[in-house]
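The structure file run.pdb is reproduced below (PDB, C-alpha atoms).
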```
ATOM      1  CA  PRO K 818      -1.312 -49.475  14.987
ATOM      2  CA  PRO K 819      -0.117 -45.898  14.369
ATOM      3  CA  PRO K 820      -0.554 -44.620  10.784
ATOM      4  CA  VAL K 821       2.441 -44.988   8.475
ATOM      5  CA  SER K 822       4.130 -41.621   7.966
ATOM      6  CA  LEU K 823       5.374 -40.736   4.513
ATOM      7  CA  SER K 824       8.195 -38.840   6.176
ATOM      8  CA  SER K 825       9.726 -42.235   7.043
ATOM      9  CA  LEU K 826      10.922 -42.307   3.422
ATOM     10  CA  HIS K 827      14.253 -40.767   4.308
ATOM     11  CA  VAL K 828      14.935 -43.568   6.793
ATOM     12  CA  ASP K 829      14.401 -46.796   4.894
ATOM     13  CA  ASP K 830      13.574 -46.093   1.200
ATOM     14  CA  LEU K 831      10.181 -47.747   1.657
ATOM     15  CA  ARG K 832       6.862 -46.274   0.572
ATOM     16  CA  VAL K 833       3.346 -46.990   1.808
ATOM     17  CA  ASP K 834       2.669 -49.397  -1.090
ATOM     18  CA  GLY K 835       5.997 -51.199  -0.621
ATOM     19  CA  ARG K 836       7.883 -49.563  -3.504
ATOM     20  CA  GLY K 837      11.323 -48.010  -3.269
ATOM     21  CA  CYS K 838      11.816 -44.303  -4.030
ATOM     22  CA  GLU K 839      12.712 -44.897  -7.697
ATOM     23  CA  ASP K 840      10.157 -47.624  -8.488
ATOM     24  CA  TYR K 841       7.226 -47.228 -10.855
ATOM     25  CA  ARG K 842       3.891 -48.947 -10.349
ATOM     26  CA  HIS K 843       2.879 -51.720 -12.747
ATOM     27  CA  MET K 844       2.226 -50.322 -16.214
ATOM     28  CA  GLU K 845       0.217 -51.679 -19.148
ATOM     29  CA  ILE K 846       0.334 -50.351 -22.700
ATOM     30  CA  GLU K 847      -1.898 -51.060 -25.668
ATOM     31  CA  THR K 848      -1.537 -49.446 -29.114
ATOM     32  CA  ASP K 849      -3.906 -49.143 -32.071
ATOM     33  CA  VAL K 850      -6.935 -48.910 -29.789
ATOM     34  CA  VAL K 851      -8.977 -46.134 -31.496
ATOM     35  CA  SER K 852     -10.174 -47.034 -34.993
ATOM     36  CA  ASN K 853     -10.689 -43.585 -36.564
ATOM     37  CA  THR K 854      -7.191 -42.251 -35.783
ATOM     38  CA  ASP K 855      -3.818 -42.521 -37.530
ATOM     39  CA  GLY K 856      -2.207 -43.675 -34.291
ATOM     40  CA  SER K 857      -3.377 -44.350 -30.737
ATOM     41  CA  ALA K 858      -2.331 -45.821 -27.413
ATOM     42  CA  LYS K 859      -3.723 -46.470 -23.952
ATOM     43  CA  VAL K 860      -1.542 -46.513 -20.852
ATOM     44  CA  SER K 861      -2.490 -47.691 -17.376
ATOM     45  CA  LEU K 862      -0.053 -46.744 -14.621
ATOM     46  CA  GLY K 863      -1.412 -48.039 -11.337
ATOM     47  CA  HIS K 864      -4.907 -46.516 -11.332
ATOM     48  CA  THR K 865      -4.010 -43.686 -13.733
ATOM     49  CA  ASP K 866      -5.449 -44.331 -17.216
ATOM     50  CA  ILE K 867      -4.555 -42.236 -20.277
ATOM     51  CA  LEU K 868      -5.855 -42.565 -23.839
ATOM     52  CA  VAL K 869      -4.065 -40.816 -26.730
ATOM     53  CA  GLY K 870      -5.302 -40.507 -30.314
ATOM     54  CA  ILE K 871      -3.338 -38.874 -33.152
ATOM     55  CA  LYS K 872      -4.878 -37.544 -36.353
ATOM     56  CA  ALA K 873      -2.684 -36.322 -39.239
ATOM     57  CA  GLU K 874      -4.132 -33.527 -41.377
ATOM     58  CA  ILE K 875      -2.635 -31.384 -44.124
ATOM     59  CA  GLY K 876      -2.076 -27.778 -43.049
ATOM     60  CA  LYS K 877       0.078 -24.750 -43.771
ATOM     61  CA  PRO K 878       3.587 -24.578 -42.295
ATOM     62  CA  ARG K 879       4.403 -21.857 -39.814
ATOM     63  CA  PRO K 880       6.185 -18.857 -41.437
ATOM     64  CA  MET K 881       9.264 -19.141 -39.169
ATOM     65  CA  VAL K 882       9.806 -22.816 -40.111
ATOM     66  CA  PRO K 883       8.425 -23.261 -43.646
ATOM     67  CA  ASP K 884      10.058 -26.688 -44.081
ATOM     68  CA  GLU K 885       8.578 -28.330 -40.960
ATOM     69  CA  GLY K 886       5.282 -29.772 -39.828
ATOM     70  CA  TYR K 887       4.150 -29.494 -36.228
ATOM     71  CA  LEU K 888       2.109 -31.018 -33.402
ATOM     72  CA  GLU K 889      -0.983 -29.602 -31.712
ATOM     73  CA  PHE K 890      -2.015 -30.869 -28.274
ATOM     74  CA  PHE K 891      -5.424 -31.001 -26.666
ATOM     75  CA  VAL K 892      -5.848 -32.505 -23.201
ATOM     76  CA  ASP K 893      -9.348 -33.426 -22.036
ATOM     77  CA  CYS K 894      -9.638 -33.931 -18.288
ATOM     78  CA  SER K 895     -12.675 -36.190 -17.900
ATOM     79  CA  ALA K 896     -14.804 -35.194 -14.902
ATOM     80  CA  ASN K 897     -15.072 -38.946 -14.154
ATOM     81  CA  ALA K 898     -11.300 -39.147 -13.590
ATOM     82  CA  THR K 899     -11.410 -37.134 -10.364
ATOM     83  CA  PRO K 900     -13.828 -34.577  -8.857
ATOM     84  CA  GLU K 901     -11.080 -31.916  -9.233
ATOM     85  CA  PHE K 902     -11.641 -31.941 -13.011
ATOM     86  CA  GLU K 903     -15.280 -30.862 -12.824
ATOM     87  CA  GLY K 904     -16.162 -27.506 -14.423
ATOM     88  CA  ARG K 905     -13.472 -24.888 -14.895
ATOM     89  CA  GLY K 906     -10.883 -26.865 -12.915
ATOM     90  CA  GLY K 907     -10.602 -29.482 -15.652
ATOM     91  CA  GLU K 908     -10.420 -26.887 -18.442
ATOM     92  CA  GLU K 909      -7.628 -24.916 -16.779
ATOM     93  CA  LEU K 910      -5.620 -28.041 -16.010
ATOM     94  CA  GLY K 911      -6.113 -29.234 -19.593
ATOM     95  CA  VAL K 912      -4.622 -26.002 -20.988
ATOM     96  CA  GLU K 913      -1.691 -26.154 -18.541
ATOM     97  CA  LEU K 914      -0.951 -29.778 -19.436
ATOM     98  CA  SER K 915      -1.228 -29.042 -23.189
ATOM     99  CA  ASN K 916       1.247 -26.150 -22.924
ATOM    100  CA  THR K 917       3.811 -28.330 -21.153
ATOM    101  CA  LEU K 918       3.413 -31.176 -23.665
ATOM    102  CA  TYR K 919       3.897 -28.669 -26.489
ATOM    103  CA  LYS K 920       7.236 -27.542 -24.996
ATOM    104  CA  VAL K 921       8.435 -31.112 -24.500
ATOM    105  CA  PHE K 922       7.414 -32.687 -27.812
ATOM    106  CA  ASN K 923       6.945 -30.011 -30.489
ATOM    107  CA  ASN K 924      10.580 -29.443 -31.416
ATOM    108  CA  ARG K 925      13.022 -30.901 -33.926
ATOM    109  CA  HIS K 926      15.129 -32.484 -31.154
ATOM    110  CA  SER K 927      12.228 -34.768 -30.133
ATOM    111  CA  LEU K 928      10.772 -35.541 -33.555
ATOM    112  CA  ASP K 929      11.969 -35.069 -37.127
ATOM    113  CA  LEU K 930       9.497 -32.299 -37.955
ATOM    114  CA  ARG K 931      11.057 -31.898 -41.429
ATOM    115  CA  SER K 932       9.752 -35.346 -42.346
ATOM    116  CA  LEU K 933       6.255 -33.838 -41.899
ATOM    117  CA  CYS K 934       6.890 -31.246 -44.645
ATOM    118  CA  ILE K 935       5.063 -31.844 -47.965
ATOM    119  CA  CYS K 936       5.823 -28.637 -49.938
ATOM    120  CA  PRO K 937       8.036 -26.075 -48.141
ATOM    121  CA  GLY K 938       6.058 -22.950 -47.343
ATOM    122  CA  GLU K 939       2.841 -24.452 -48.744
ATOM    123  CA  HIS K 940       1.770 -27.753 -47.201
ATOM    124  CA  CYS K 941       2.788 -29.857 -44.227
ATOM    125  CA  TRP K 942       1.377 -32.535 -41.968
ATOM    126  CA  VAL K 943      -0.084 -31.325 -38.678
ATOM    127  CA  LEU K 944      -0.377 -34.003 -36.006
ATOM    128  CA  TYR K 945      -3.346 -33.353 -33.728
ATOM    129  CA  VAL K 946      -2.606 -35.182 -30.474
ATOM    130  CA  ASP K 947      -5.705 -35.681 -28.319
ATOM    131  CA  VAL K 948      -5.014 -36.815 -24.756
ATOM    132  CA  LEU K 949      -7.924 -38.052 -22.645
ATOM    133  CA  LEU K 950      -7.427 -38.505 -18.900
ATOM    134  CA  LEU K 951      -9.780 -41.366 -18.049
ATOM    135  CA  GLN K 952      -8.721 -41.977 -14.467
ATOM    136  CA  CYS K 953      -6.327 -40.097 -12.238
ATOM    137  CA  ASP K 954      -4.247 -41.508  -9.395
ATOM    138  CA  GLY K 955      -1.201 -39.268  -9.622
ATOM    139  CA  ASN K 956       1.743 -38.933 -12.009
ATOM    140  CA  LEU K 957      -0.178 -37.687 -15.040
ATOM    141  CA  PHE K 958       2.828 -36.286 -16.928
ATOM    142  CA  ASP K 959       4.852 -39.517 -16.952
ATOM    143  CA  ALA K 960       1.858 -41.596 -18.078
ATOM    144  CA  MET K 961       0.950 -39.014 -20.756
ATOM    145  CA  SER K 962       4.474 -38.912 -22.167
ATOM    146  CA  ILE K 963       4.675 -42.704 -22.448
ATOM    147  CA  ALA K 964       1.216 -42.836 -24.069
ATOM    148  CA  ILE K 965       2.224 -40.090 -26.544
ATOM    149  CA  LYS K 966       5.478 -41.871 -27.462
ATOM    150  CA  ALA K 967       3.535 -45.139 -27.955
ATOM    151  CA  ALA K 968       0.860 -43.402 -30.086
ATOM    152  CA  LEU K 969       3.523 -41.671 -32.229
ATOM    153  CA  PHE K 970       5.196 -45.067 -32.744
ATOM    154  CA  ASN K 971       1.814 -46.454 -33.837
ATOM    155  CA  THR K 972       1.079 -43.525 -36.202
ATOM    156  CA  ARG K 973       0.905 -44.185 -39.943
ATOM    157  CA  ILE K 974       0.751 -41.159 -42.232
ATOM    158  CA  PRO K 975      -0.433 -41.710 -45.835
ATOM    159  CA  LYS K 976       2.208 -41.234 -48.552
ATOM    160  CA  VAL K 977       1.652 -38.060 -50.576
ATOM    161  CA  HIS K 978       1.932 -37.860 -54.358
ATOM    162  CA  ILE K 979       2.176 -34.354 -55.840
ATOM    163  CA  SER K 980       1.338 -33.644 -59.467
ATOM    164  CA  GLU K 981       1.190 -30.426 -61.472
ATOM    165  CA  ASP K 982      -1.246 -29.609 -64.282
ATOM    166  CA  GLU K 983      -0.323 -27.589 -67.373
ATOM    167  CA  GLU K 984      -0.915 -24.304 -65.555
ATOM    168  CA  GLY K 985       1.446 -25.267 -62.749
ATOM    169  CA  VAL K 986      -1.290 -25.836 -60.186
ATOM    170  CA  LYS K 987      -0.210 -28.513 -57.698
ATOM    171  CA  GLU K 988      -2.533 -31.337 -56.786
ATOM    172  CA  ILE K 989      -2.021 -33.494 -53.729
ATOM    173  CA  GLU K 990      -3.096 -37.120 -53.806
ATOM    174  CA  LEU K 991      -3.033 -39.378 -50.783
ATOM    175  CA  SER K 992      -2.255 -43.051 -51.200
ATOM    176  CA  ASP K 993      -5.196 -45.399 -50.569
ATOM    177  CA  ASP K 994      -2.880 -48.303 -49.784
ATOM    178  CA  PRO K 995      -2.678 -48.676 -45.964
ATOM    179  CA  TYR K 996       0.822 -50.165 -46.346
ATOM    180  CA  ASP K 997       2.030 -47.212 -48.442
ATOM    181  CA  CYS K 998       2.567 -44.954 -45.453
ATOM    182  CA  MET K 999       5.191 -43.031 -43.534
ATOM    183  CA  ARG K1000       6.218 -44.032 -40.023
ATOM    184  CA  LEU K1001       7.673 -41.619 -37.513
ATOM    185  CA  ASN K1002      11.092 -42.153 -35.972
ATOM    186  CA  VAL K1003      10.361 -41.933 -32.231
ATOM    187  CA  GLU K1004      13.875 -42.808 -31.031
ATOM    188  CA  ASN K1005      14.524 -39.276 -29.691
ATOM    189  CA  VAL K1006      11.012 -38.679 -28.322
ATOM    190  CA  PRO K1007      11.580 -38.060 -24.597
ATOM    191  CA  CYS K1008       9.816 -39.568 -21.609
ATOM    192  CA  ILE K1009       8.841 -37.361 -18.689
ATOM    193  CA  VAL K1010       9.906 -38.247 -15.156
ATOM    194  CA  THR K1011       8.183 -36.353 -12.332
ATOM    195  CA  LEU K1012       9.971 -36.359  -8.979
ATOM    196  CA  CYS K1013       8.062 -35.337  -5.843
ATOM    197  CA  LYS K1014       9.996 -34.006  -2.867
ATOM    198  CA  ILE K1015       8.764 -35.587   0.359
ATOM    199  CA  ALA K1016      10.669 -34.791   3.573
ATOM    200  CA  HIS K1017      14.378 -35.303   2.777
ATOM    201  CA  ARG K1018      13.810 -37.692  -0.127
ATOM    202  CA  HIS K1019      12.268 -37.540  -3.583
ATOM    203  CA  VAL K1020      10.111 -40.210  -5.210
ATOM    204  CA  VAL K1021       9.141 -41.062  -8.779
ATOM    205  CA  ASP K1022       5.617 -42.042  -9.843
ATOM    206  CA  ALA K1023       3.889 -40.518  -6.817
ATOM    207  CA  THR K1024       0.303 -41.538  -6.091
ATOM    208  CA  LEU K1025      -2.295 -38.871  -5.229
ATOM    209  CA  GLN K1026      -1.774 -39.711  -1.556
ATOM    210  CA  GLU K1027       1.979 -39.139  -1.834
ATOM    211  CA  LYS K1028       1.516 -35.994  -3.921
ATOM    212  CA  ALA K1029      -0.653 -34.552  -1.136
ATOM    213  CA  CYS K1030       2.388 -34.830   1.186
ATOM    214  CA  SER K1031       4.703 -33.096  -1.291
ATOM    215  CA  VAL K1032       5.121 -29.312  -1.486
ATOM    216  CA  ALA K1033       7.167 -29.274  -4.695
ATOM    217  CA  SER K1034       7.900 -31.482  -7.703
ATOM    218  CA  LEU K1035      10.377 -31.403 -10.561
ATOM    219  CA  LEU K1036       9.278 -32.449 -14.037
ATOM    220  CA  ILE K1037      12.163 -33.620 -16.243
ATOM    221  CA  SER K1038      11.897 -34.828 -19.850
ATOM    222  CA  VAL K1039      14.702 -37.225 -20.778
ATOM    223  CA  THR K1040      15.760 -38.830 -24.078
ATOM    224  CA  HIS K1041      16.980 -42.407 -24.526
ATOM    225  CA  LYS K1042      20.556 -41.076 -24.297
ATOM    226  CA  GLY K1043      19.877 -39.433 -20.934
ATOM    227  CA  MET K1044      19.772 -35.876 -22.309
ATOM    228  CA  VAL K1045      17.438 -33.513 -20.437
ATOM    229  CA  THR K1046      15.251 -31.532 -22.861
ATOM    230  CA  CYS K1047      12.919 -29.726 -20.458
ATOM    231  CA  VAL K1048      12.759 -29.010 -16.710
ATOM    232  CA  ARG K1049       9.785 -27.509 -14.875
ATOM    233  CA  LYS K1050       9.139 -26.985 -11.198
ATOM    234  CA  LEU K1051       5.596 -27.719 -10.053
ATOM    235  CA  GLY K1052       3.946 -26.880  -6.749
ATOM    236  CA  ARG K1053       4.131 -23.908  -4.387
ATOM    237  CA  GLY K1054       7.000 -25.101  -2.221
ATOM    238  CA  SER K1055      10.663 -24.310  -2.751
ATOM    239  CA  LEU K1056      13.581 -26.556  -3.708
ATOM    240  CA  ASP K1057      17.149 -25.868  -2.662
ATOM    241  CA  PRO K1058      19.957 -26.189  -5.270
ATOM    242  CA  ASP K1059      21.269 -29.477  -3.818
ATOM    243  CA  SER K1060      17.788 -31.034  -4.059
ATOM    244  CA  ILE K1061      17.379 -29.848  -7.656
ATOM    245  CA  PHE K1062      20.740 -31.365  -8.616
ATOM    246  CA  GLU K1063      19.942 -34.701  -6.916
ATOM    247  CA  MET K1064      16.441 -34.847  -8.426
ATOM    248  CA  THR K1065      17.774 -34.021 -11.904
ATOM    249  CA  GLU K1066      20.398 -36.789 -11.683
ATOM    250  CA  THR K1067      17.738 -39.266 -10.489
ATOM    251  CA  GLY K1068      15.387 -38.159 -13.276
ATOM    252  CA  LYS K1069      18.096 -38.628 -15.923
ATOM    253  CA  ARG K1070      18.922 -42.108 -14.657
ATOM    254  CA  VAL K1071      15.290 -43.241 -14.309
ATOM    255  CA  GLY K1072      14.195 -41.625 -17.594
ATOM    256  CA  LYS K1073      17.040 -43.125 -19.600
ATOM    257  CA  ALA K1074      16.159 -46.579 -18.287
ATOM    258  CA  LEU K1075      12.505 -46.250 -19.419
ATOM    259  CA  HIS K1076      13.137 -46.095 -23.167
ATOM    260  CA  ALA K1077      14.673 -49.490 -24.005
ATOM    261  CA  PRO K1078      11.965 -51.679 -22.392
ATOM    262  CA  LEU K1079       9.250 -49.359 -23.771
ATOM    263  CA  MET K1080      10.518 -49.621 -27.374
ATOM    264  CA  GLU K1081      11.043 -53.366 -26.973
ATOM    265  CA  LEU K1082       7.453 -53.761 -25.799
ATOM    266  CA  LEU K1083       6.017 -51.615 -28.607
ATOM    267  CA  GLN K1084       7.900 -53.599 -31.257
ATOM    268  CA  LYS K1085       6.890 -56.902 -29.665
ATOM    269  CA  GLU K1086       3.228 -55.885 -29.473
ATOM    270  CA  GLU K1087       3.224 -54.734 -33.108
ATOM    271  CA  SER K1088       4.811 -57.990 -34.294
ATOM    272  CA  LEU K1089       1.968 -59.976 -32.685
ATOM    273  CA  GLY K1090      -0.609 -58.238 -34.904
ATOM    274  CA  LYS K1091      -4.250 -59.125 -34.198
ATOM    275  CA  LYS K1092      -3.302 -61.999 -31.869
ATOM    276  CA  ARG K1093      -1.724 -59.733 -29.297
ATOM    277  CA  GLN K1094      -2.787 -59.441 -25.679
ATOM    278  CA  LYS K1095      -2.038 -56.730 -23.125
ATOM    279  CA  VAL K1096       1.541 -57.007 -21.982
ATOM    280  CA  GLY K1097       2.740 -55.688 -18.631
ATOM    281  CA  PHE K1098       5.568 -53.158 -18.585
ATOM    282  CA  LEU K1099       7.813 -52.347 -15.593
ATOM    283  CA  ALA K1100       6.016 -55.055 -13.628
TER     284      ALA K1100
END
```
Write the structure described by the file as structure tokens, please.
Amino acid sequence: PPPVSLSSLHVDDLRVDGRGCEDYRHMEIETDVVSNTDGSAKVSLGHTDILVGIKAEIGKPRPMVPDEGYLEFFVDCSANATPEFEGRGGEELGVELSNTLYKVFNNRHSLDLRSLCICPGEHCWVLYVDVLLLQCDGNLFDAMSIAIKAALFNTRIPKVHISEDEEGVKEIELSDDPYDCMRLNVENVPCIVTLCKIAHRHVVDATLQEKACSVASLLISVTHKGMVTCVRKLGRGSLDPDSIFEMTETGKRVGKALHAPLMELLQKEESLGKKRQKVGFLA
């Protein structure tokens, strides 16, 4: 039989693996998977696997925002994930991915950065977010954003007690009680939706095979209310204004729909405690 052409997308909304244009592959999420972190999560989206670990450390606030903490991102592209990541290729991609994640997540609209402040101008919490790409089969940004939101939900930051001695020198004590901790409000943390333009249509959650047929993609980060917080064009091809408008509207709709089942799953998994098993998401 003749090979199936991806350009047939614009005819019947059917992809090579049987999905429609706006369908995600099966996704699995697990939190609290790395023992020496303050929060962690693993996401499998099709054959794309992402592991995120978050470590909270006390640092100095940035001069421009003395009453806020901040996030630092580091993305490690494992050479085992795909041959493209070997050598310098993986390093350069890691920096590019980190820079985009920084723009999407490190702002007060995504996370209450003021809650990370300990002493204005002196001490704050810095969240070091390590993202490890274990296996790559397309759609890295969407999987990373979901893993980061899940890891932030799982993060527990020790409560801080500040005391002053007679000379006015401040001492910081961290609570030893694992239940005496601060949780982050992740309600406004966005999810990223990447749309790949193929022929006259655009698809979400593109596999590597589909991405190879696409000349341009649009990355859109969307909150649970459907507000777009960041837009980036990826790829060397061009997009006409009508396509950008259509892709943005699709991204808003798809992104908004991701949050409720994701939060429901995270709360359900946490309530199960040690007895929990992997639960499918967007099956």
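Going from atom CA of K:Val882 to atom CA of K:Leu949 covers 29.2 Å.
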Spatial neighbours of stretch 955-966 of chain K, 7 Å, all atoms listed in the file, chain gap at least 5 places, as a PyMOL selection string: chain K and resi 858-860+862+865+867+869+1003+1006+1008-1011+1022-1025
Might you spell out which residues the PyMOL selection byres ((chain K and resi 915) around 12) would select in the displayed file, as number ranges by chain? K: 888-894, 908-914, 916-923, 945-949, 957-958, 961-962
Residues just named, written with C-alpha atoms as a PDB file, keeping the file's coordinate frame:
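The resulting result.pdb:
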```
ATOM      1  CA  LEU K 888       2.109 -31.018 -33.402  1.00  0.00           C
ATOM      2  CA  GLU K 889      -0.983 -29.602 -31.712  1.00  0.00           C
ATOM      3  CA  PHE K 890      -2.015 -30.869 -28.274  1.00  0.00           C
ATOM      4  CA  PHE K 891      -5.424 -31.001 -26.666  1.00  0.00           C
ATOM      5  CA  VAL K 892      -5.848 -32.505 -23.201  1.00  0.00           C
ATOM      6  CA  ASP K 893      -9.348 -33.426 -22.036  1.00  0.00           C
ATOM      7  CA  CYS K 894      -9.638 -33.931 -18.288  1.00  0.00           C
ATOM      8  CA  GLU K 908     -10.420 -26.887 -18.442  1.00  0.00           C
ATOM      9  CA  GLU K 909      -7.628 -24.916 -16.779  1.00  0.00           C
ATOM     10  CA  LEU K 910      -5.620 -28.041 -16.010  1.00  0.00           C
ATOM     11  CA  GLY K 911      -6.113 -29.234 -19.593  1.00  0.00           C
ATOM     12  CA  VAL K 912      -4.622 -26.002 -20.988  1.00  0.00           C
ATOM     13  CA  GLU K 913      -1.691 -26.154 -18.541  1.00  0.00           C
ATOM     14  CA  LEU K 914      -0.951 -29.778 -19.436  1.00  0.00           C
ATOM     15  CA  ASN K 916       1.247 -26.150 -22.924  1.00  0.00           C
ATOM     16  CA  THR K 917       3.811 -28.330 -21.153  1.00  0.00           C
ATOM     17  CA  LEU K 918       3.413 -31.176 -23.665  1.00  0.00           C
ATOM     18  CA  TYR K 919       3.897 -28.669 -26.489  1.00  0.00           C
ATOM     19  CA  LYS K 920       7.236 -27.542 -24.996  1.00  0.00           C
ATOM     20  CA  VAL K 921       8.435 -31.112 -24.500  1.00  0.00           C
ATOM     21  CA  PHE K 922       7.414 -32.687 -27.812  1.00  0.00           C
ATOM     22  CA  ASN K 923       6.945 -30.011 -30.489  1.00  0.00           C
ATOM     23  CA  TYR K 945      -3.346 -33.353 -33.728  1.00  0.00           C
ATOM     24  CA  VAL K 946      -2.606 -35.182 -30.474  1.00  0.00           C
ATOM     25  CA  ASP K 947      -5.705 -35.681 -28.319  1.00  0.00           C
ATOM     26  CA  VAL K 948      -5.014 -36.815 -24.756  1.00  0.00           C
ATOM     27  CA  LEU K 949      -7.924 -38.052 -22.645  1.00  0.00           C
ATOM     28  CA  LEU K 957      -0.178 -37.687 -15.040  1.00  0.00           C
ATOM     29  CA  PHE K 958       2.828 -36.286 -16.928  1.00  0.00           C
ATOM     30  CA  MET K 961       0.950 -39.014 -20.756  1.00  0.00           C
ATOM     31  CA  SER K 962       4.474 -38.912 -22.167  1.00  0.00           C
TER      32      SER K 962
END
```
Which polymer residues, protein or nucleic acid, are no farther than 10 Å from (8.0, -23.7, -7.2), counting only C-alpha atoms, as a list of chain:residue names?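 Checked against the point, the hits come out as K:Val1032, K:Ala1033, K:Ser1034, K:Leu1035, K:Arg1049, K:Lys1050, K:Leu1051, K:Gly1052, K:Arg1053, K:Gly1054, K:Ser1055, K:Leu1056.
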Shell around K:Leu1083 at 8 Å using all atoms listed in the file, local window under 5 positions removed, as an mmCIF file with C-alpha atoms, in the coordinates of the input:
```
data_model
loop_
_atom_site.group_PDB
_atom_site.id
_atom_site.type_symbol
_atom_site.label_atom_id
_atom_site.label_comp_id
_atom_site.auth_asym_id
_atom_site.auth_seq_id
_atom_site.Cartn_x
_atom_site.Cartn_y
_atom_site.Cartn_z
ATOM 1 C CA THR K 848 -1.537 -49.446 -29.114
ATOM 2 C CA ALA K 967 3.535 -45.139 -27.955
ATOM 3 C CA PHE K 970 5.196 -45.067 -32.744
#
```
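Among the candidates K:Arg832, K:Arg1070, K:Arg842, K:Arg879, the one nearest to K:Gly938 when counting only C-alpha atoms is K:Arg879.
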Out of K:Gly1043, K:Cys998, K:Val977, K:Thr972, which residue has the shortest atom-to-atom distance to K:Ser852 when counting all atoms listed in the file?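 Checking each of K:Gly1043, K:Cys998, K:Val977, K:Thr972 against K:Ser852, counting all atoms listed in the file, the winner is K:Thr972.
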List the neighbours of K:Val943 out to 9 Å using only C-alpha atoms; skip same-chain residues closer than 4 positions along the sequence, and give me the result as a ChimeraX atom specification. /K:872-878,886-889,933
For atom CA of K:Glu885 and atom CA of K:Glu939, the interatomic separation in Å (one decimal): 10.4 Å
Find, counting only C-alpha atoms, the residue in K:Asp954, K:Glu1066, K:Glu990, K:Glu839 that gets nearest to K:His864.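 Once distances to K:His864 are computed over only C-alpha atoms, the minimum belongs to K:Asp954.
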With only C-alpha atoms as the counted atoms, please give the residues lying no more than 9 Å from K:Thr1067, apart from itself and same-chain residues fewer than 3 positions off, as a PyMOL selection string. chain K and resi 839+1012+1019+1021+1062-1064+1070-1072
Give me the residues near K:Lys1069 as a list of chain:residue names, where near means some atom within 8 Å (using only C-alpha atoms) and where sequence neighbours in that chain fewer than 5 positions away do not count.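 Neighbouring residues, sequence-local ones excluded: K:Ile1037, K:Val1039, K:Gly1043, K:Met1044, K:Val1045.
Residue nearest K:Ser1038, chosen from K:Ile935, K:Cys1013, K:Leu1001, K:Leu1075 and counting all atoms listed in the file: K:Leu1075.
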One decimal, in Å: what's the spacing between atom CA of K:Ala968 and atom CA of K:Gly870?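 Separating atom CA of K:Ala968 from atom CA of K:Gly870 is a distance of 6.8 Å.
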Ground truth for the PyMOL selection byres ((chain K and resi 951) around 6), written as a ChimeraX atom specification: /K:866-867,895,898,949-950,952
Step by step, work through what the PyMOL selection byres ((chain K and resi 1005) around 9) selects in the shown file, and finish by giving those residues as a list in words.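 When the PyMOL selection byres ((chain K and resi 1005) around 9) is applied, the selected residues are His926, Ser927, Leu928, Asp929, Asn1002, Val1003, Glu1004, Val1006, Pro1007, Thr1040, His1041 and Lys1042 of chain K.
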Could you add whatever atoms are missing so that stretch 878-889 of chain K carries N, CA and C atoms, then write the result as a CSV table (one decimal), in the frame of the given file?
```
chain,number,residue,atom,x,y,z
K,878,PRO,N,2.5,-24.7,-43.2
K,878,PRO,CA,3.6,-24.6,-42.3
K,878,PRO,C,3.6,-23.2,-41.6
K,879,ARG,N,4.3,-23.1,-40.5
K,879,ARG,CA,4.4,-21.9,-39.8
K,879,ARG,C,5.5,-21.0,-40.5
K,880,PRO,N,5.3,-19.7,-40.7
K,880,PRO,CA,6.2,-18.9,-41.4
K,880,PRO,C,7.6,-19.0,-41.0
K,881,MET,N,7.9,-19.1,-39.7
K,881,MET,CA,9.3,-19.1,-39.2
K,881,MET,C,10.0,-20.4,-39.6
K,882,VAL,N,9.2,-21.5,-39.7
K,882,VAL,CA,9.8,-22.8,-40.1
K,882,VAL,C,9.0,-23.4,-41.3
K,883,PRO,N,9.2,-22.9,-42.5
K,883,PRO,CA,8.4,-23.3,-43.6
K,883,PRO,C,8.7,-24.7,-44.1
K,884,ASP,N,9.7,-25.3,-43.6
K,884,ASP,CA,10.1,-26.7,-44.1
K,884,ASP,C,9.8,-27.7,-43.0
K,885,GLU,N,8.9,-27.4,-42.0
K,885,GLU,CA,8.6,-28.3,-41.0
K,885,GLU,C,7.1,-28.4,-40.8
K,886,GLY,N,6.6,-29.6,-40.3
K,886,GLY,CA,5.3,-29.8,-39.8
K,886,GLY,C,5.3,-29.5,-38.3
K,887,TYR,N,4.2,-29.8,-37.7
K,887,TYR,CA,4.2,-29.5,-36.2
K,887,TYR,C,3.1,-30.3,-35.5
K,888,LEU,N,3.1,-30.3,-34.2
K,888,LEU,CA,2.1,-31.0,-33.4
K,888,LEU,C,1.2,-30.0,-32.7
K,889,GLU,N,0.0,-30.4,-32.5
K,889,GLU,CA,-1.0,-29.6,-31.7
K,889,GLU,C,-1.5,-30.5,-30.6
```
